[in-house]
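Asks: Input: one structure, supplied below.
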Amino acid sequence: MAINLSTGFRLTPENFLPVPIDVCAAFEAETDTVGAHEWMLENDIDPGPVIAVLGDVKLIDVVSRDCPSWTALALPLRADGVFVDTLLIDTDTFEHLRICDAVDWLGEDNISGTVRLHAAPVDWLRAGCAGCCSLHPYGRGHLRALRRADRIQCDDIRLALEAWEWGFGAYDNDLARFDIDDLPENVACYFQRQARAVA
């Protein structure tokens, strides 16, 4: 069975996104939890913490009129305990998309004290669902949620500075909240690109 992103769901009149109850039903109809567990193990992800935090995850085929079919790891996304969306992670490229655009974070409940900000959902899964990961592909207003944390650890210089700029208004004092542990060569490359962009 496959999820069809082009014709498989009714659309909400407000934003023309799939109706969450339809997405939930499609997710529940899928059955390949064994394939999902095998894929996670092959990609250095311990299924135990993932299942404990998210519940069952599944491996599904995705079709749409816009691109060839692909296989995805499907994660149920909840808000206040209610199923509201499904996150699809391409099993080849690790790119991700939310079907309903209803949830902005993985691990939003973890944003307090010291939190690790992950660059991609696969990184969050590999960390045993510890820390948080932004899911929004273009909006940045939700990054203000990071203000609830005292310390933000991040191993991606670009993501850390984007979170500082959009979540904290790029105030110098708030940069001290960030522990950026990216590789030195990545940091140097980032600032070289920035210097070329303004030159």
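Order determines the names: the first chain of the structure tokens is A, the second B, and so forth; residues in each chain are numbered 1 upward, and ligands are numbered 1 upward as they are shown.
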DSSP on the backbone: what in region 83-177 of chain A comes out helix (DSSP H, G or I), as a compact mmCIF listing (two decimals) with N, CA and C atoms, in the first residue's frame?
Replies:
# COMPACT_ATOMS: atom_id res chain seq x y z
N GLU A 108 9.80 19.29 21.01
CA GLU A 108 9.54 20.64 21.55
C GLU A 108 9.44 20.62 23.07
N ASP A 109 8.94 19.53 23.64
CA ASP A 109 8.84 19.43 25.10
C ASP A 109 10.21 19.42 25.77
N ASN A 110 11.25 19.15 25.02
CA ASN A 110 12.61 19.11 25.58
C ASN A 110 13.26 20.49 25.66
N PRO A 121 15.99 15.71 11.25
CA PRO A 121 15.26 14.70 12.02
C PRO A 121 16.04 13.41 12.26
N VAL A 122 16.84 12.98 11.28
CA VAL A 122 17.62 11.75 11.47
C VAL A 122 18.61 11.93 12.61
N ASP A 123 19.19 13.12 12.75
CA ASP A 123 20.11 13.38 13.87
C ASP A 123 19.38 13.26 15.20
N TRP A 124 18.16 13.79 15.26
CA TRP A 124 17.35 13.72 16.48
C TRP A 124 17.03 12.27 16.81
N LEU A 125 16.67 11.48 15.80
CA LEU A 125 16.38 10.06 16.03
C LEU A 125 17.63 9.33 16.51
N ARG A 126 18.79 9.62 15.91
CA ARG A 126 20.04 8.97 16.32
C ARG A 126 20.42 9.33 17.75
N GLY A 141 9.72 31.93 12.71
CA GLY A 141 9.13 32.48 13.93
C GLY A 141 9.09 31.50 15.08
N HIS A 142 8.93 30.21 14.77
CA HIS A 142 8.85 29.21 15.82
C HIS A 142 10.17 29.05 16.58
N LEU A 143 11.27 29.56 16.03
CA LEU A 143 12.55 29.46 16.72
C LEU A 143 12.57 30.24 18.03
N ARG A 144 11.59 31.14 18.22
CA ARG A 144 11.50 31.86 19.50
C ARG A 144 11.24 30.91 20.66
N ALA A 145 10.75 29.71 20.38
CA ALA A 145 10.54 28.72 21.45
C ALA A 145 11.86 28.38 22.14
N LEU A 146 12.98 28.56 21.46
CA LEU A 146 14.28 28.28 22.07
C LEU A 146 14.59 29.21 23.23
N ARG A 147 13.86 30.30 23.37
CA ARG A 147 14.07 31.21 24.50
C ARG A 147 13.79 30.52 25.84
N ARG A 148 13.05 29.42 25.81
CA ARG A 148 12.77 28.68 27.05
C ARG A 148 14.01 27.94 27.56
N ILE A 157 27.07 25.26 12.67
CA ILE A 157 27.26 26.71 12.82
C ILE A 157 26.15 27.50 12.14
N ARG A 158 25.76 27.09 10.94
CA ARG A 158 24.71 27.81 10.21
C ARG A 158 23.40 27.76 10.98
N LEU A 159 23.01 26.59 11.45
CA LEU A 159 21.76 26.45 12.19
C LEU A 159 21.80 27.23 13.50
N ALA A 160 22.91 27.17 14.21
CA ALA A 160 23.02 27.87 15.49
C ALA A 160 22.86 29.38 15.31
N LEU A 161 23.53 29.93 14.30
CA LEU A 161 23.44 31.38 14.09
C LEU A 161 22.08 31.79 13.54
N GLU A 162 21.45 30.92 12.76
CA GLU A 162 20.09 31.19 12.30
C GLU A 162 19.12 31.19 13.48
N ALA A 163 19.28 30.23 14.39
CA ALA A 163 18.43 30.18 15.58
C ALA A 163 18.65 31.40 16.45
N TRP A 164 19.90 31.84 16.58
CA TRP A 164 20.20 33.04 17.37
C TRP A 164 19.56 34.27 16.73
N GLU A 165 19.69 34.38 15.41
CA GLU A 165 19.14 35.55 14.72
C GLU A 165 17.62 35.59 14.80
N TRP A 166 16.96 34.49 14.46
CA TRP A 166 15.50 34.48 14.38
C TRP A 166 14.84 34.23 15.73
N GLY A 167 15.48 33.47 16.59
CA GLY A 167 14.87 33.17 17.88
C GLY A 167 15.14 34.21 18.94
N PHE A 168 16.26 34.93 18.80
CA PHE A 168 16.67 35.87 19.83
C PHE A 168 16.94 37.28 19.29
N ASP A 172 23.51 40.35 21.00
CA ASP A 172 24.82 39.82 21.38
C ASP A 172 24.78 39.03 22.68
N ASN A 173 24.07 39.54 23.68
CA ASN A 173 24.02 38.87 24.98
C ASN A 173 23.45 37.46 24.87
N ASP A 174 22.50 37.25 23.96
CA ASP A 174 21.87 35.94 23.84
C ASP A 174 22.74 34.93 23.11
N LEU A 175 23.75 35.39 22.39
CA LEU A 175 24.65 34.45 21.73
C LEU A 175 25.38 33.59 22.75
Asks: List every residue of region 5-173 of chain A that DSSP, applied to the backbone, labels as strand (DSSP E or B), and write the result as an MDAnalysis selection string.
Replies: chainID A and resid 11 18 58:64 67:79 82:90 96:98 105:106 113:118 132:134 149:154
Asks: Could you take the residues named above and write them with N, CA and C atoms, as a compact mmCIF listing (two decimals), in the first residue's frame?
Replies:
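Once written, out19.txt looks like this:
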# COMPACT_ATOMS: atom_id res chain seq x y z
N LEU A 11 -8.70 18.18 1.41
CA LEU A 11 -7.91 19.35 1.77
C LEU A 11 -8.72 20.29 2.65
N PRO A 18 -3.69 18.71 3.61
CA PRO A 18 -4.50 17.53 3.93
C PRO A 18 -5.15 17.62 5.31
N LYS A 58 6.64 3.64 10.75
CA LYS A 58 6.39 2.70 9.67
C LYS A 58 7.20 3.06 8.44
N LEU A 59 7.47 2.05 7.62
CA LEU A 59 8.10 2.26 6.33
C LEU A 59 6.99 2.24 5.28
N ILE A 60 6.91 3.29 4.47
CA ILE A 60 5.81 3.38 3.50
C ILE A 60 6.32 3.82 2.13
N ASP A 61 5.54 3.51 1.12
CA ASP A 61 5.80 4.02 -0.22
C ASP A 61 4.99 5.30 -0.40
N VAL A 62 5.62 6.30 -1.00
CA VAL A 62 4.96 7.59 -1.21
C VAL A 62 4.91 7.85 -2.71
N VAL A 63 3.74 8.24 -3.19
CA VAL A 63 3.59 8.59 -4.60
C VAL A 63 2.96 9.97 -4.71
N SER A 64 3.31 10.67 -5.76
CA SER A 64 2.67 11.95 -6.09
C SER A 64 2.88 12.21 -7.57
N CYS A 67 6.72 13.83 -8.53
CA CYS A 67 8.03 13.19 -8.49
C CYS A 67 7.85 11.67 -8.51
N PRO A 68 8.93 10.95 -8.80
CA PRO A 68 8.83 9.48 -8.78
C PRO A 68 8.50 8.99 -7.37
N SER A 69 7.97 7.78 -7.29
CA SER A 69 7.65 7.23 -5.97
C SER A 69 8.94 7.05 -5.17
N TRP A 70 8.80 7.10 -3.86
CA TRP A 70 9.94 6.97 -2.97
C TRP A 70 9.49 6.28 -1.69
N THR A 71 10.46 5.79 -0.94
CA THR A 71 10.17 5.11 0.32
C THR A 71 10.51 6.06 1.46
N ALA A 72 9.65 6.06 2.47
CA ALA A 72 9.84 6.98 3.60
C ALA A 72 9.67 6.26 4.92
N LEU A 73 10.41 6.73 5.90
CA LEU A 73 10.13 6.39 7.28
C LEU A 73 9.06 7.37 7.74
N ALA A 74 7.93 6.84 8.18
CA ALA A 74 6.80 7.69 8.58
C ALA A 74 6.71 7.75 10.10
N LEU A 75 6.73 8.98 10.64
CA LEU A 75 6.66 9.20 12.08
C LEU A 75 5.35 9.90 12.41
N PRO A 76 4.60 9.40 13.38
CA PRO A 76 3.39 10.11 13.80
C PRO A 76 3.76 11.34 14.62
N LEU A 77 3.13 12.46 14.34
CA LEU A 77 3.38 13.69 15.09
C LEU A 77 2.13 14.05 15.87
N ARG A 78 2.33 14.39 17.14
CA ARG A 78 1.20 14.70 18.01
C ARG A 78 1.37 16.09 18.62
N ALA A 79 0.23 16.69 18.93
CA ALA A 79 0.19 17.95 19.68
C ALA A 79 -0.79 17.73 20.81
N VAL A 82 -2.59 14.42 20.75
CA VAL A 82 -3.50 14.12 19.64
C VAL A 82 -2.70 14.02 18.34
N PHE A 83 -2.95 12.97 17.56
CA PHE A 83 -2.30 12.78 16.27
C PHE A 83 -2.73 13.91 15.34
N VAL A 84 -1.76 14.70 14.84
CA VAL A 84 -2.10 15.84 13.98
C VAL A 84 -1.37 15.83 12.64
N ASP A 85 -0.37 14.98 12.49
CA ASP A 85 0.43 15.03 11.26
C ASP A 85 1.30 13.79 11.17
N THR A 86 1.92 13.63 10.02
CA THR A 86 2.91 12.57 9.81
C THR A 86 4.14 13.21 9.18
N LEU A 87 5.30 12.86 9.73
CA LEU A 87 6.57 13.30 9.17
C LEU A 87 7.09 12.17 8.29
N LEU A 88 7.46 12.50 7.06
CA LEU A 88 8.03 11.52 6.14
C LEU A 88 9.50 11.84 5.94
N ILE A 89 10.36 10.85 6.18
CA ILE A 89 11.80 11.01 5.97
C ILE A 89 12.20 10.08 4.82
N ASP A 90 12.71 10.65 3.74
CA ASP A 90 13.14 9.86 2.59
C ASP A 90 14.25 8.92 3.04
N HIS A 96 13.09 15.54 4.49
CA HIS A 96 11.84 15.28 5.20
C HIS A 96 10.75 16.27 4.80
N LEU A 97 9.51 15.86 5.05
CA LEU A 97 8.38 16.77 4.88
C LEU A 97 7.27 16.35 5.83
N ARG A 98 6.52 17.37 6.26
CA ARG A 98 5.33 17.15 7.07
C ARG A 98 4.14 17.19 6.12
N TRP A 105 8.19 21.25 15.45
CA TRP A 105 9.34 20.70 16.16
C TRP A 105 9.22 19.20 16.37
N LEU A 106 10.35 18.53 16.39
CA LEU A 106 10.50 17.25 17.06
C LEU A 106 11.12 17.58 18.41
N GLY A 113 16.08 24.29 30.10
CA GLY A 113 17.40 23.99 30.64
C GLY A 113 18.45 24.01 29.54
N THR A 114 19.17 22.91 29.42
CA THR A 114 20.14 22.73 28.34
C THR A 114 19.55 21.79 27.31
N VAL A 115 19.53 22.22 26.06
CA VAL A 115 18.93 21.40 25.01
C VAL A 115 19.87 21.35 23.81
N ARG A 116 19.90 20.20 23.15
CA ARG A 116 20.67 20.05 21.91
C ARG A 116 19.74 20.33 20.73
N LEU A 117 20.13 21.27 19.87
CA LEU A 117 19.39 21.61 18.65
C LEU A 117 20.00 20.81 17.50
N HIS A 118 19.22 19.90 16.93
CA HIS A 118 19.69 19.04 15.85
C HIS A 118 19.35 19.66 14.50
N CYS A 132 16.02 18.71 20.39
CA CYS A 132 14.92 19.16 19.53
C CYS A 132 15.43 19.35 18.11
N CYS A 133 14.48 19.40 17.17
CA CYS A 133 14.81 19.60 15.76
C CYS A 133 13.69 20.38 15.11
N SER A 134 14.02 21.47 14.46
CA SER A 134 13.03 22.26 13.73
C SER A 134 12.61 21.51 12.47
N ALA A 149 15.02 27.80 26.74
CA ALA A 149 16.23 27.08 27.13
C ALA A 149 17.28 28.05 27.67
N ASP A 150 18.02 27.60 28.67
CA ASP A 150 19.13 28.39 29.20
C ASP A 150 20.38 28.24 28.33
N ARG A 151 20.61 27.00 27.84
CA ARG A 151 21.77 26.69 27.00
C ARG A 151 21.28 25.92 25.79
N ILE A 152 21.83 26.24 24.63
CA ILE A 152 21.47 25.56 23.39
C ILE A 152 22.75 25.03 22.77
N GLN A 153 22.87 23.72 22.72
CA GLN A 153 24.03 23.08 22.11
C GLN A 153 23.69 22.77 20.66
N CYS A 154 24.63 23.04 19.77
CA CYS A 154 24.37 22.80 18.35
C CYS A 154 25.69 22.51 17.65
Asks: Using Å and a single decimal, report how far CA of Tyr171 (chain A) sits from CA of Gln192 (chain A).
Replies: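 These atoms are spaced 22.1 Å apart.
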Asks: Can you tell me, as a ChimeraX atom specification, what residues are no more than 10 Å from Val53 (chain A) when counting only C-alpha atoms, ignoring any on the same chain fewer than 3 positions away?
Replies: /A:48-50,56,107,128-130
Asks: In terms of the shortest atom-to-atom distance over only C-alpha atoms, which of A:Val57, A:Ala195, A:Cys189, A:Ala52 is closest to Met40 (chain A)?
Replies: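 Looking at the shortest contact to Met40 (chain A), the residue is A:Val57.
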Asks: Rank nothing, just name the residue among A:Asp44, A:Pro20, A:Trp39, A:Asp32 nearest to Val103 (chain A), using only C-alpha atoms.
Replies: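 Closest to Val103 (chain A), using only C-alpha atoms: A:Pro20.
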